[in-house]
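Have a look at work_35.txt below; it lists compact mmCIF, C-alpha atoms.
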# COMPACT_ATOMS: atom_id res chain seq x y z
CA MET A 1 12.71 68.63 -34.92
CA MET A 2 13.06 65.71 -37.28
CA ILE A 3 13.22 62.07 -36.17
CA ASN A 4 15.14 59.73 -38.41
CA LYS A 5 13.49 56.57 -39.64
CA TYR A 6 15.57 54.34 -37.36
CA GLY A 7 14.50 56.25 -34.27
CA LYS A 8 10.85 56.05 -35.33
CA LYS A 9 11.10 52.30 -35.85
CA ILE A 10 12.64 51.79 -32.42
CA PHE A 11 9.89 53.88 -30.82
CA LEU A 12 7.14 51.83 -32.48
CA VAL A 13 8.74 48.55 -31.49
CA SER A 14 8.99 49.76 -27.89
CA ILE A 15 5.28 50.63 -27.80
CA ILE A 16 4.32 47.23 -29.24
CA THR A 17 6.57 45.44 -26.75
CA LEU A 18 4.98 47.28 -23.82
CA MET A 19 1.50 46.38 -25.07
CA LEU A 20 2.44 42.71 -25.42
CA LEU A 21 3.93 42.63 -21.93
CA ALA A 22 0.80 44.20 -20.49
CA ASN A 23 -1.41 41.68 -22.25
CA ALA A 24 0.85 38.84 -21.15
CA GLY A 25 0.51 39.95 -17.53
CA SER A 26 -3.25 40.11 -17.89
CA TYR A 27 -3.33 36.65 -19.49
CA SER A 28 -1.13 35.25 -16.73
CA ARG A 29 -3.48 36.59 -14.06
CA ALA A 30 -6.52 35.18 -15.85
CA THR A 31 -4.91 31.77 -16.26
CA LYS A 32 -3.93 31.68 -12.59
CA SER A 33 -7.46 32.62 -11.58
CA GLU A 34 -9.04 29.99 -13.83
CA SER A 35 -6.74 27.22 -12.57
CA ALA A 36 -6.77 28.18 -8.89
CA ILE A 37 -7.42 25.36 -6.45
CA HIS A 38 -11.09 25.29 -5.50
CA THR A 39 -13.34 23.25 -3.21
CA ILE A 40 -16.52 21.24 -3.49
CA TYR A 41 -18.66 20.37 -0.47
CA VAL A 42 -20.80 17.26 -0.09
CA ALA A 43 -23.39 16.81 2.68
CA LYS A 44 -26.23 14.44 3.44
CA ASN A 45 -28.66 17.39 3.42
CA GLY A 46 -27.26 18.80 0.19
CA ASP A 47 -28.96 19.01 -3.18
CA LYS A 48 -28.08 17.26 -6.42
CA ASN A 49 -28.37 20.54 -8.33
CA ALA A 50 -26.46 22.69 -5.84
CA SER A 51 -23.35 24.64 -6.75
CA GLY A 52 -21.21 22.66 -4.31
CA ASP A 53 -19.95 25.61 -2.28
CA LYS A 54 -20.01 25.50 1.52
CA LYS A 55 -23.49 27.03 1.83
CA HIS A 56 -24.91 24.98 -1.04
CA PRO A 57 -23.38 21.48 -0.83
CA LEU A 58 -24.04 18.62 -3.20
CA ASN A 59 -25.68 15.48 -1.87
CA SER A 60 -23.69 13.15 -4.16
CA LEU A 61 -20.02 12.30 -3.63
CA GLN A 62 -19.86 10.71 -7.07
CA LYS A 63 -21.11 13.91 -8.71
CA ALA A 64 -18.50 15.92 -6.80
CA MET A 65 -15.78 13.55 -8.01
CA ASP A 66 -17.02 13.94 -11.58
CA MET A 67 -17.06 17.76 -11.26
CA ALA A 68 -13.57 17.92 -9.79
CA THR A 69 -10.62 19.26 -11.75
CA GLU A 70 -6.90 19.30 -11.06
CA GLY A 71 -6.29 20.72 -7.59
CA THR A 72 -9.87 20.30 -6.34
CA THR A 73 -10.48 19.39 -2.69
CA ILE A 74 -13.79 17.65 -1.98
CA TYR A 75 -14.88 18.14 1.63
CA VAL A 76 -17.35 15.48 2.80
CA ARG A 77 -19.55 16.38 5.77
CA LYS A 78 -20.51 13.86 8.46
CA GLY A 79 -22.67 10.86 7.66
CA THR A 80 -22.61 7.53 5.81
CA TYR A 81 -22.21 7.49 2.02
CA LYS A 82 -22.80 4.30 0.08
CA GLY A 83 -20.74 3.57 -2.99
CA PRO A 84 -19.21 2.24 -5.01
CA PHE A 85 -17.43 5.47 -5.94
CA VAL A 86 -15.35 5.57 -9.12
CA PHE A 87 -12.79 8.19 -10.13
CA HIS A 88 -12.97 9.39 -13.72
CA LYS A 89 -10.50 12.27 -13.55
CA SER A 90 -6.89 12.70 -12.49
CA GLY A 91 -5.07 15.50 -10.79
CA SER A 92 -1.64 16.54 -12.02
CA LYS A 93 1.86 17.22 -10.75
CA ASN A 94 1.73 20.92 -11.65
CA ARG A 95 -1.84 21.81 -10.72
CA GLY A 96 -2.36 19.49 -7.78
CA CYS A 97 -4.13 16.35 -6.72
CA ILE A 98 -7.84 15.70 -6.52
CA THR A 99 -8.43 15.22 -2.80
CA VAL A 100 -11.39 13.55 -1.08
CA THR A 101 -11.37 14.19 2.66
CA ALA A 102 -13.64 14.50 5.67
CA TYR A 103 -14.42 18.07 6.64
CA LYS A 104 -12.43 19.01 9.76
CA ASN A 105 -13.01 16.34 12.43
CA GLU A 106 -16.42 15.18 11.22
CA LYS A 107 -17.00 11.42 11.03
CA VAL A 108 -17.51 10.24 7.47
CA ILE A 109 -18.21 6.59 6.67
CA ILE A 110 -17.83 5.21 3.15
CA SER A 111 -19.42 1.81 2.52
CA GLY A 112 -20.44 -0.29 -0.45
CA SER A 113 -23.72 -1.65 -1.70
CA LYS A 114 -25.22 -4.26 0.58
CA ASN A 115 -24.25 -7.86 -0.27
CA LYS A 116 -22.67 -6.76 -3.55
CA SER A 117 -19.04 -7.49 -4.37
CA GLY A 118 -16.88 -4.52 -5.27
CA ALA A 119 -14.72 -1.69 -3.97
CA ALA A 120 -15.80 1.34 -1.97
CA PHE A 121 -13.36 3.44 -4.04
CA ASN A 122 -12.14 2.34 -7.47
CA ILE A 123 -9.25 4.56 -8.56
CA ASN A 124 -10.00 3.41 -12.12
CA GLY A 125 -6.69 4.28 -13.77
CA CYS A 126 -6.60 7.84 -12.46
CA SER A 127 -3.53 9.41 -10.87
CA TYR A 128 -2.62 12.24 -8.52
CA ILE A 129 -5.43 11.38 -6.11
CA LYS A 130 -5.54 11.78 -2.31
CA ILE A 131 -8.01 10.03 -0.02
CA GLN A 132 -7.81 11.23 3.58
CA ARG A 133 -9.52 11.01 6.97
CA LEU A 134 -12.37 8.72 5.92
CA LYS A 135 -13.71 5.60 7.58
CA ILE A 136 -14.16 2.90 4.95
CA GLY A 137 -15.94 -0.33 5.73
CA ASP A 138 -19.14 -1.97 6.90
CA MET A 139 -19.10 -4.00 3.68
CA LYS A 140 -20.16 -7.63 3.50
CA ALA A 141 -20.09 -9.74 0.32
CA LYS A 142 -18.04 -12.51 -1.30
CA ASP A 143 -15.37 -10.09 -2.56
CA VAL A 144 -14.98 -6.66 -0.98
CA CYS A 145 -12.29 -4.01 -1.09
CA GLY A 146 -11.85 -0.62 0.52
CA ILE A 147 -9.67 1.02 -2.15
CA LEU A 148 -8.75 -0.70 -5.42
CA LEU A 149 -5.92 0.15 -7.84
CA GLU A 150 -5.50 -2.10 -10.88
CA GLN A 151 -4.92 0.11 -13.93
CA SER A 152 -1.35 1.45 -13.66
CA GLU A 153 -2.23 4.28 -11.31
CA ASN A 154 0.50 6.51 -9.90
CA ASN A 155 0.93 9.21 -7.28
CA ILE A 156 -1.92 8.10 -5.03
CA THR A 157 -1.93 8.98 -1.32
CA ILE A 158 -4.14 7.17 1.20
CA ARG A 159 -3.64 8.83 4.56
CA ASN A 160 -5.27 8.80 8.02
CA CYS A 161 -8.15 6.57 6.95
CA GLU A 162 -9.73 3.77 8.94
CA PHE A 163 -10.69 0.44 7.37
CA GLU A 164 -13.04 -1.65 9.50
CA LYS A 165 -15.52 -4.52 9.04
CA LEU A 166 -14.62 -5.44 5.50
CA VAL A 167 -16.02 -8.97 5.54
CA THR A 168 -15.99 -11.73 2.96
CA THR A 169 -19.07 -13.91 3.31
CA GLU A 170 -17.16 -16.90 1.87
CA PRO A 171 -13.85 -17.07 3.76
CA GLY A 172 -13.04 -20.58 2.53
CA SER A 173 -10.91 -23.13 4.33
CA LYS A 174 -7.45 -24.68 4.25
CA LEU A 175 -8.33 -26.83 1.24
CA LYS A 176 -10.95 -24.66 -0.43
CA PRO A 177 -10.27 -21.09 -1.63
CA GLY A 178 -13.00 -18.66 -0.77
CA GLY A 179 -13.81 -15.00 -1.18
CA ASN A 180 -11.56 -12.02 -0.65
CA SER A 181 -11.49 -8.97 1.56
CA ASN A 182 -8.79 -6.31 1.19
CA ALA A 183 -8.59 -2.91 2.81
CA ILE A 184 -6.24 -1.64 0.09
CA LEU A 185 -5.40 -3.68 -3.01
CA LEU A 186 -2.75 -2.80 -5.59
CA LEU A 187 -3.02 -5.36 -8.41
CA GLY A 188 -0.39 -4.77 -11.08
CA GLU A 189 -1.61 -6.83 -14.03
CA ARG A 190 -0.48 -4.54 -16.85
CA LYS A 191 2.79 -3.86 -18.66
CA LYS A 192 2.83 -0.36 -17.17
CA SER A 193 3.44 -0.44 -13.43
CA ILE A 194 1.46 0.91 -10.52
CA HIS A 195 3.95 3.27 -8.92
CA HIS A 196 4.53 5.95 -6.31
CA ILE A 197 1.71 4.99 -3.98
CA TYR A 198 1.76 6.32 -0.42
CA ILE A 199 -0.19 4.38 2.24
CA LEU A 200 0.35 6.41 5.40
CA SER A 201 -0.91 6.42 9.00
CA ASN A 202 -4.08 4.39 8.44
CA LYS A 203 -5.88 2.04 10.83
CA VAL A 204 -6.90 -1.36 9.45
CA HIS A 205 -8.74 -3.64 11.84
CA ASP A 206 -11.46 -6.21 12.50
CA ASN A 207 -11.71 -7.42 8.92
CA VAL A 208 -12.57 -10.96 7.78
CA ASN A 209 -10.16 -11.51 4.90
CA GLY A 210 -10.65 -15.08 3.72
CA TRP A 211 -7.70 -15.90 1.44
CA SER A 212 -6.67 -12.26 0.99
CA GLU A 213 -4.58 -9.69 2.83
CA ASN A 214 -5.32 -6.33 4.39
CA ILE A 215 -2.80 -4.12 2.58
CA SER A 216 -1.83 -6.04 -0.53
CA VAL A 217 0.79 -4.99 -3.10
CA ALA A 218 0.80 -7.57 -5.90
CA GLY A 219 2.31 -7.93 -9.36
CA ASN A 220 3.81 -5.05 -11.32
CA CYS A 221 4.18 -2.45 -8.59
CA LYS A 222 7.17 -0.26 -7.72
CA TYR A 223 7.97 2.59 -5.35
CA ILE A 224 5.21 1.70 -2.92
CA TYR A 225 5.52 3.25 0.55
CA VAL A 226 3.59 1.64 3.41
CA LYS A 227 4.39 3.66 6.53
CA LYS A 228 3.11 4.18 10.06
CA ASN A 229 -0.07 2.16 9.68
CA LYS A 230 -1.71 0.25 12.53
CA ILE A 231 -3.07 -3.11 11.43
CA TYR A 232 -4.70 -5.45 13.94
CA ASN A 233 -7.40 -8.03 14.74
CA ASN A 234 -7.73 -9.33 11.19
CA THR A 235 -8.01 -12.89 9.85
CA ASN A 236 -5.04 -12.91 7.47
CA ILE A 237 -1.78 -11.18 6.55
CA GLY A 238 -1.44 -7.56 7.63
CA ILE A 239 0.89 -6.24 4.89
CA ASP A 240 1.81 -8.28 1.81
CA PHE A 241 4.22 -7.72 -1.10
CA TYR A 242 3.38 -10.53 -3.53
CA GLY A 243 5.08 -11.39 -6.81
CA ASN A 244 5.80 -14.12 -9.36
CA ALA A 245 2.13 -15.13 -9.45
CA GLU A 246 1.68 -14.46 -13.20
CA TYR A 247 -0.42 -11.36 -12.73
CA CYS A 248 1.68 -9.28 -15.14
CA PRO A 249 2.36 -10.63 -18.67
CA ILE A 250 5.97 -9.38 -18.52
CA THR A 251 7.71 -11.94 -16.35
CA LEU A 252 10.49 -9.68 -15.09
CA LEU A 253 7.97 -7.01 -14.07
CA ASP A 254 5.70 -9.36 -12.14
CA GLN A 255 7.21 -8.41 -8.78
CA PRO A 256 6.80 -5.58 -6.30
CA ARG A 257 10.17 -3.82 -6.18
CA ASN A 258 11.83 -0.78 -4.66
CA CYS A 259 9.22 -0.68 -1.91
CA GLN A 260 9.34 0.37 1.73
CA CYS A 261 7.45 -0.98 4.74
CA ILE A 262 8.42 1.30 7.61
CA GLY A 263 7.16 2.07 11.10
CA ASN A 264 3.99 -0.01 11.02
CA THR A 265 2.40 -1.79 13.97
CA VAL A 266 0.95 -5.19 13.04
CA TYR A 267 -0.60 -7.55 15.56
CA ASN A 268 -3.16 -10.31 15.91
CA CYS A 269 -3.45 -10.87 12.18
CA ARG A 270 -4.05 -14.62 12.07
CA SER A 271 -5.87 -16.88 9.67
CA PRO A 272 -8.01 -19.59 11.28
CA PHE A 273 -6.85 -22.15 8.71
CA ALA A 274 -3.28 -21.23 7.71
CA GLU A 275 -0.06 -20.05 9.29
CA ASN A 276 0.51 -16.50 8.10
CA ALA A 277 2.79 -13.58 8.85
CA GLY A 278 1.99 -10.10 10.06
CA ILE A 279 4.27 -8.73 7.32
CA TYR A 280 4.93 -10.97 4.32
CA VAL A 281 7.36 -10.31 1.47
CA ASP A 282 6.72 -13.11 -1.02
CA GLY A 283 8.10 -13.10 -4.56
CA ALA A 284 9.26 -9.48 -4.31
CA ARG A 285 12.70 -7.88 -4.53
CA ASP A 286 14.47 -4.76 -3.29
CA VAL A 287 12.17 -4.18 -0.33
CA LEU A 288 13.04 -2.44 2.95
CA VAL A 289 11.20 -3.67 6.07
CA LYS A 290 12.30 -1.31 8.82
CA GLY A 291 11.23 -0.12 12.25
CA ASN A 292 8.00 -2.11 12.45
CA LYS A 293 6.48 -3.52 15.63
CA VAL A 294 5.08 -6.99 14.96
CA PHE A 295 3.50 -9.28 17.56
CA LYS A 296 0.82 -11.93 18.21
CA ASN A 297 0.72 -13.23 14.62
CA HIS A 298 1.61 -16.79 13.53
CA TYR A 299 4.89 -15.44 12.13
CA GLY A 300 6.02 -11.91 12.78
CA ILE A 301 7.77 -11.25 9.46
CA GLU A 302 8.22 -13.72 6.63
CA ILE A 303 10.39 -13.53 3.51
CA GLY A 304 9.15 -16.24 1.16
CA SER A 305 9.11 -17.48 -2.39
CA GLU A 306 5.92 -19.47 -2.80
CA GLU A 307 5.63 -19.13 -6.58
CA TRP A 308 8.27 -20.37 -9.00
CA ARG A 309 8.24 -21.41 -12.68
CA ASN A 310 10.88 -23.46 -14.46
CA TYR A 311 11.35 -20.70 -17.05
CA TYR A 312 12.20 -18.00 -14.49
CA SER A 313 15.68 -16.52 -14.43
CA ASP A 314 17.78 -15.41 -11.45
CA GLU A 315 16.29 -11.94 -11.84
CA ASN A 316 12.93 -13.30 -10.66
CA ARG A 317 14.36 -14.48 -7.35
CA VAL A 318 13.26 -13.02 -4.07
CA GLN A 319 16.35 -10.97 -3.37
CA ASN A 320 17.77 -7.91 -1.67
CA ILE A 321 15.21 -7.78 1.11
CA LYS A 322 16.49 -5.84 4.12
CA VAL A 323 14.83 -6.48 7.49
CA CYS A 324 16.20 -4.06 10.06
CA GLU A 325 15.40 -2.38 13.38
CA ASN A 326 12.07 -4.16 13.85
CA ILE A 327 10.66 -5.17 17.23
CA ILE A 328 9.38 -8.74 16.95
CA TYR A 329 7.81 -10.65 19.84
CA ASP A 330 5.02 -12.94 21.07
CA ASN A 331 4.43 -14.48 17.64
CA TYR A 332 3.17 -18.04 17.92
CA GLU A 333 5.32 -19.92 15.37
CA SER A 334 8.41 -17.73 15.04
CA GLY A 335 9.50 -14.14 14.92
CA LEU A 336 10.99 -14.41 11.44
CA ARG A 337 10.78 -17.02 8.69
CA ILE A 338 12.98 -16.97 5.58
CA GLY A 339 12.87 -19.25 2.55
CA GLY A 340 10.87 -21.24 0.04
CA TRP A 341 8.58 -23.98 1.30
CA SER A 342 9.71 -27.06 -0.67
CA ASN A 343 12.81 -28.90 -1.84
CA ASP A 344 11.64 -29.07 -5.46
CA GLU A 345 11.26 -26.26 -7.98
CA THR A 346 7.64 -25.49 -7.20
CA THR A 347 8.90 -22.85 -4.76
CA GLY A 348 11.86 -20.52 -5.10
CA VAL A 349 14.96 -19.57 -3.16
CA VAL A 350 15.21 -16.45 -1.01
CA TYR A 351 18.56 -14.95 -1.88
CA GLY A 352 20.88 -12.19 -0.73
CA CYS A 353 18.92 -10.74 2.18
CA LYS A 354 20.06 -8.90 5.31
CA VAL A 355 18.57 -9.15 8.80
CA ILE A 356 20.16 -6.40 10.86
CA ASP A 357 19.64 -4.84 14.31
CA ASN A 358 16.25 -6.38 15.03
CA ASP A 359 14.98 -6.72 18.59
CA PHE A 360 13.88 -10.30 19.45
CA LYS A 361 14.67 -10.05 23.15
CA ARG A 362 11.07 -10.23 24.38
CA GLY A 363 10.88 -13.66 22.77
CA ASN A 364 8.55 -15.52 20.41
CA TYR A 365 6.78 -18.69 21.49
CA LYS A 366 8.39 -21.57 19.56
CA CYS A 367 11.53 -20.08 18.07
CA GLU A 368 12.96 -16.79 16.90
CA ILE A 369 13.98 -17.61 13.34
CA ILE A 370 13.12 -20.43 10.93
CA LEU A 371 15.38 -20.96 7.91
CA ALA A 372 13.97 -22.74 4.88
CA LYS A 373 15.21 -22.71 1.26
CA CYS A 374 17.51 -19.68 1.25
CA GLU A 375 21.02 -18.61 0.34
CA ASN A 376 23.47 -15.84 1.22
CA ILE A 377 21.59 -14.47 4.22
CA VAL A 378 23.38 -12.12 6.61
CA PHE A 379 22.33 -11.79 10.27
CA LYS A 380 24.04 -8.99 12.12
CA GLY A 381 23.46 -7.10 15.36
CA ASN A 382 20.12 -8.74 16.20
CA ILE A 383 19.34 -9.03 19.92
CA PHE A 384 18.01 -12.28 21.42
CA LYS A 385 17.34 -13.47 24.91
CA ASN A 386 16.94 -17.18 25.53
CA ASN A 387 14.24 -17.80 28.08
CA LYS A 388 11.43 -20.22 28.86
CA LYS A 389 9.14 -18.52 26.40
CA CYS A 390 11.36 -19.41 23.43
CA ARG A 391 13.30 -22.71 23.37
CA ASP A 392 15.48 -21.97 20.36
CA VAL A 393 16.88 -19.01 18.51
CA VAL A 394 17.50 -20.33 14.98
CA VAL A 395 16.01 -23.58 13.68
CA TYR A 396 15.84 -25.21 10.26
CA ASP A 397 12.59 -26.11 8.58
CA ASP A 398 12.13 -29.88 9.01
CA GLY A 399 10.84 -30.24 5.47
CA ILE A 400 13.84 -28.63 3.77
CA ASN A 401 17.10 -30.41 3.05
CA ARG A 402 20.04 -28.74 4.72
CA ASN A 403 21.84 -28.50 1.37
CA LYS A 404 19.10 -26.07 0.29
CA ILE A 405 20.21 -23.64 3.02
CA LYS A 406 23.54 -22.07 2.05
CA SER A 407 25.89 -19.28 3.09
CA ILE A 408 24.23 -18.17 6.30
CA LYS A 409 26.33 -15.62 8.20
CA MET A 410 25.49 -15.02 11.85
CA SER A 411 26.79 -12.21 14.05
CA ASN A 412 24.17 -11.48 16.68
CA ARG A 413 23.93 -10.51 20.36
CA TYR A 414 22.34 -12.17 23.34
CA GLY A 415 21.03 -10.69 26.54
CA GLY A 416 19.21 -7.51 27.42
CA ARG A 417 15.92 -6.91 29.12
Encoded form using structure tokens:
Amino acid sequence: MMINKYGKKIFLVSIITLMLLANAGSYSRATKSESAIHTIYVAKNGDKNASGDKKHPLNSLQKAMDMATEGTTIYVRKGTYKGPFVFHKSGSKNRGCITVTAYKNEKVIISGSKNKSGAAFNINGCSYIKIQRLKIGDMKAKDVCGILLEQSENNITIRNCEFEKLVTTEPGSKLKPGGNSNAILLLGERKKSIHHIYILSNKVHDNVNGWSENISVAGNCKYIYVKKNKIYNNTNIGIDFYGNAEYCPITLLDQPRNCQCIGNTVYNCRSPFAENAGIYVDGARDVLVKGNKVFKNHYGIEIGSEEWRNYYSDENRVQNIKVCENIIYDNYESGLRIGGWSNDETTGVVYGCKVIDNDFKRGNYKCEIILAKCENIVFKGNIFKNNKKCRDVVVYDDGINRNKIKSIKMSNRYGGR
């Protein structure tokens, strides 16, 4: 039987196609195997030349971080590990984050070099990183930090960690700036923003902060999510969103924006030499402060505009801050403070904010709300209860002219237990 030339050609093409498909399947399996998520173990009794598997752990966390590739999980066994530790590699969206976490429920403490300023973890411009279930602290120097981001990092998750005993040895005074202690510091000084950072379910306590804050989001930062953290017994602001301080060279980007501060508990965060808030939104815009429990601070929540330059435009204003469904009580100066601090142009105006459905009914010691330099502020559905603990509900800052406080709309409720 004869086969025409067209039939023969089709037959050969079919064979080649089948071979290519087979090779493609083999290549796909090999690629998947090579890129599969793997683990590295670190233990105090490990060896610097070990393979890093569970039976043969490394003794160096830094070496494990340097060995890691996209999707690697580094399990750290119990013990104290002294940094600083610096990331040099990123994870990726497709292949997964690089994760550093305690193994199971073992207690892992990360600390810095004794009496040396620096950060326990420096993210160092890397992205797609997760840090989980570690205790970070026991650091004492002029400037200390638990986790530092300052090089346009993105997609970083800090979850279920504990930050304790981060102590500046030079806390300063009311008239003299001193050192700094931050649990987590996002410092957006570049044209490219720090973005999509998730700070979730951490404990931050018993830190000596000096002139700094515990969780600090400053400069060119956007899409920052600070949720369900417990922050207490510290010597300055619990959570801070800070802008217009000339950190970023692009003026319109020098503000935290599109951020969320949700479901946190912040208490007893008080400076010994300044009146500060548990949660402070200063110089930022488009921030949601929702469902937090804030008590025993100088101010519970403050929306401010401390920094202002004569060349700023309306876009730099502190604006579109929404404060809703928070429980605010037992704060020593007031539950909420809104506005710039001065009549002149050295501080700015807080503009276009909403204060909705907050619970003030347990009372704050001097007053519930202080209004300073602000405009177009809407109060709606907030619950107050006048009692001996709190003499007044809303008062005006004595140092601010009343003509600096404009378009305040009040529609609140009184009573309740």
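One finds atom CA of A:Gly238 at 22.1 Å from atom CA of A:Lys130.
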Neighbour residues at most 6 Å from (24.5, -15.4, 3.2) (only C-alpha atoms) as number ranges by chain: A: 375-378, 407-409
For A:Arg362: contacts at 8 Å, only C-alpha atoms, fewer than 5 positions along chain excluded, given as JSON, numbers by chain: {"A": [328, 329, 330, 384, 385, 417]}
With C-alpha atoms retained, could you export that selection as a CSV table (one decimal), in the coordinates of the input?
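Everything below was put into part37.csv:
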chain,number,residue,atom,x,y,z
A,328,ILE,CA,9.4,-8.7,17.0
A,329,TYR,CA,7.8,-10.6,19.8
A,330,ASP,CA,5.0,-12.9,21.1
A,384,PHE,CA,18.0,-12.3,21.4
A,385,LYS,CA,17.3,-13.5,24.9
A,417,ARG,CA,15.9,-6.9,29.1
What are the closest atom pairs, with distances in Å to one decimal, for each residue of stretch 109-149 of chain A lying within 10 Å of stretch 153-163 of chain A, using only C-alpha atoms, rows by chain and rising residue number, as a Markdown table?
| residue | atom | partner | partner_atom | distance |
| --- | --- | --- | --- | --- |
| A:Ile109 | CA | A:Glu162 | CA | 9.2 |
| A:Ile110 | CA | A:Phe163 | CA | 9.6 |
| A:Ile123 | CA | A:Glu153 | CA | 7.5 |
| A:Asn124 | CA | A:Glu153 | CA | 7.9 |
| A:Gly125 | CA | A:Glu153 | CA | 5.1 |
| A:Cys126 | CA | A:Glu153 | CA | 5.8 |
| A:Ser127 | CA | A:Asn154 | CA | 5.1 |
| A:Tyr128 | CA | A:Asn155 | CA | 4.8 |
| A:Ile129 | CA | A:Ile156 | CA | 4.9 |
| A:Lys130 | CA | A:Thr157 | CA | 4.7 |
| A:Ile131 | CA | A:Ile158 | CA | 5.0 |
| A:Gln132 | CA | A:Arg159 | CA | 4.9 |
| A:Arg133 | CA | A:Cys161 | CA | 4.6 |
| A:Leu134 | CA | A:Cys161 | CA | 4.8 |
| A:Lys135 | CA | A:Glu162 | CA | 4.6 |
| A:Ile136 | CA | A:Phe163 | CA | 4.9 |
| A:Gly137 | CA | A:Phe163 | CA | 5.6 |
| A:Asp138 | CA | A:Phe163 | CA | 8.8 |
| A:Cys145 | CA | A:Phe163 | CA | 9.7 |
| A:Gly146 | CA | A:Phe163 | CA | 7.0 |
| A:Ile147 | CA | A:Ile158 | CA | 8.9 |
| A:Leu149 | CA | A:Glu153 | CA | 6.5 |
Surrounding residues of A:Gly79 excluding itself and chain neighbours under 5 positions, 10 Å, all atoms listed in the file, as a list in words: Ala43, Lys44, Asn45, Ala102, Glu106, Lys107, Val108, Ile109 and Ile110 of chain A
Between atom CA of A:Val323 and atom CA of A:Gly381 - distance in Å to one decimal: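 One can read the atom CA of A:Gly381 to atom CA of A:Val323 distance as 11.7 Å.
Rounded to one decimal, atom CA of A:Ile224 and atom CA of A:Lys165 lie 24.7 Å from each other.
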Could the residues of stretch 232-265 of chain A that have an atom at most 8 Å from stretch 269-288 of chain A be listed as a tab-separated table, each with its closest atom pair and the distance in Å to one decimal, counting only C-alpha atoms and ordered by chain and ascending residue number?
residue	atom	partner	partner_atom	distance
A:Tyr232	CA	A:Cys269	CA	5.8
A:Asn233	CA	A:Cys269	CA	5.5
A:Asn234	CA	A:Cys269	CA	4.7
A:Thr235	CA	A:Ser271	CA	4.5
A:Asn236	CA	A:Ser271	CA	4.6
A:Ile237	CA	A:Gly278	CA	5.3
A:Gly238	CA	A:Gly278	CA	4.9
A:Ile239	CA	A:Ile279	CA	4.9
A:Asp240	CA	A:Tyr280	CA	4.8
A:Phe241	CA	A:Val281	CA	4.8
A:Tyr242	CA	A:Asp282	CA	4.9
A:Gly243	CA	A:Gly283	CA	4.1
A:Asn244	CA	A:Gly283	CA	5.4
A:Ala245	CA	A:Gly283	CA	8.0
A:Gln255	CA	A:Ala284	CA	5.0
A:Pro256	CA	A:Ala284	CA	5.0
A:Arg257	CA	A:Arg285	CA	5.1
A:Asn258	CA	A:Asp286	CA	5.0
A:Cys259	CA	A:Val287	CA	4.8
A:Gln260	CA	A:Leu288	CA	4.8
A:Cys261	CA	A:Leu288	CA	6.0
A:Ile262	CA	A:Leu288	CA	7.6
Could you give me, as an mmCIF file with C-alpha atoms, in the frame of the given file, the residues within 6 Å of A:Ile98, counting all atoms listed in the file and dropping anything in the same chain fewer than 6 positions from it?
data_model
loop_
_atom_site.group_PDB
_atom_site.id
_atom_site.type_symbol
_atom_site.label_atom_id
_atom_site.label_comp_id
_atom_site.auth_asym_id
_atom_site.auth_seq_id
_atom_site.Cartn_x
_atom_site.Cartn_y
_atom_site.Cartn_z
ATOM 1 C CA GLU A 70 -6.900 19.300 -11.060
ATOM 2 C CA GLY A 71 -6.290 20.720 -7.590
ATOM 3 C CA THR A 72 -9.870 20.300 -6.340
ATOM 4 C CA THR A 73 -10.480 19.390 -2.690
ATOM 5 C CA GLY A 91 -5.070 15.500 -10.790
ATOM 6 C CA ILE A 129 -5.430 11.380 -6.110
#
Nearest to A:Asn320 by atom-to-atom distance, counting all atoms listed in the file, from A:Gly363, A:Gly352, A:Pro57, A:Gly335: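 Under the stated criterion, the closest residue is A:Gly352.
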Give, as lines of an AutoDock Vina configuration file, the centre coordinates and the x, y and z edge lengths in Å to one decimal for an axis-aligned box around all listed atoms of stretch 51-56 of chain A, padded by 6 Å on each side.
center_x = -22.4
center_y = 24.8
center_z = -2.5
size_x = 17.0
size_y = 16.4
size_z = 20.6
Among the residues A:Asn207, A:Thr251, A:Asn229, A:Asn94, the one that comes closest to A:Lys191 [using all atoms listed in the file]: A:Thr251
Sel. within 8 Å of pt (-15.4, 26.4, -2.3), counting all atoms listed in the file, output as a list in words: His38, Thr39, Ile40, Tyr41, Gly52, Asp53 and Lys54 of chain A
Serialized selection, C-alpha atoms, as a JSON list (two decimals), in the frame of the given file:
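Contents of part-v4.json, as written:
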[["chain", "number", "residue", "atom", "x", "y", "z"],
["A", 38, "HIS", "CA", -11.09, 25.29, -5.50],
["A", 39, "THR", "CA", -13.34, 23.25, -3.21],
["A", 40, "ILE", "CA", -16.52, 21.24, -3.49],
["A", 41, "TYR", "CA", -18.66, 20.37, -0.47],
["A", 52, "GLY", "CA", -21.21, 22.66, -4.31],
["A", 53, "ASP", "CA", -19.95, 25.61, -2.28],
["A", 54, "LYS", "CA", -20.01, 25.50, 1.52]]
Spatial neighbours of A:Val144, max dist 6 Å, only C-alpha atoms, sep filter under 2 positions, as a PyMOL selection string: chain A and resi 117-119+181
Among the residues A:Tyr223, A:Tyr247, A:Phe121, A:Tyr81, the one that comes closest to A:Ile199 [using only C-alpha atoms]: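 Nearest candidate to A:Ile199 out of A:Tyr223, A:Tyr247, A:Phe121, A:Tyr81: A:Tyr223.
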Nearest residue to A:Ile405 from the set A:Lys380, A:His298, A:Lys373, A:Lys227 (distances using all atoms listed in the file):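 Going through A:Lys380, A:His298, A:Lys373, A:Lys227 one by one, the smallest distance to A:Ile405 is for A:Lys373.
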Among the residues A:Asn209, A:Ser92, A:Ser342, A:Ser113, the one that comes closest to A:Glu307 [using all atoms listed in the file]: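 Comparing A:Asn209, A:Ser92, A:Ser342, A:Ser113 against A:Glu307, the winner is A:Ser342.
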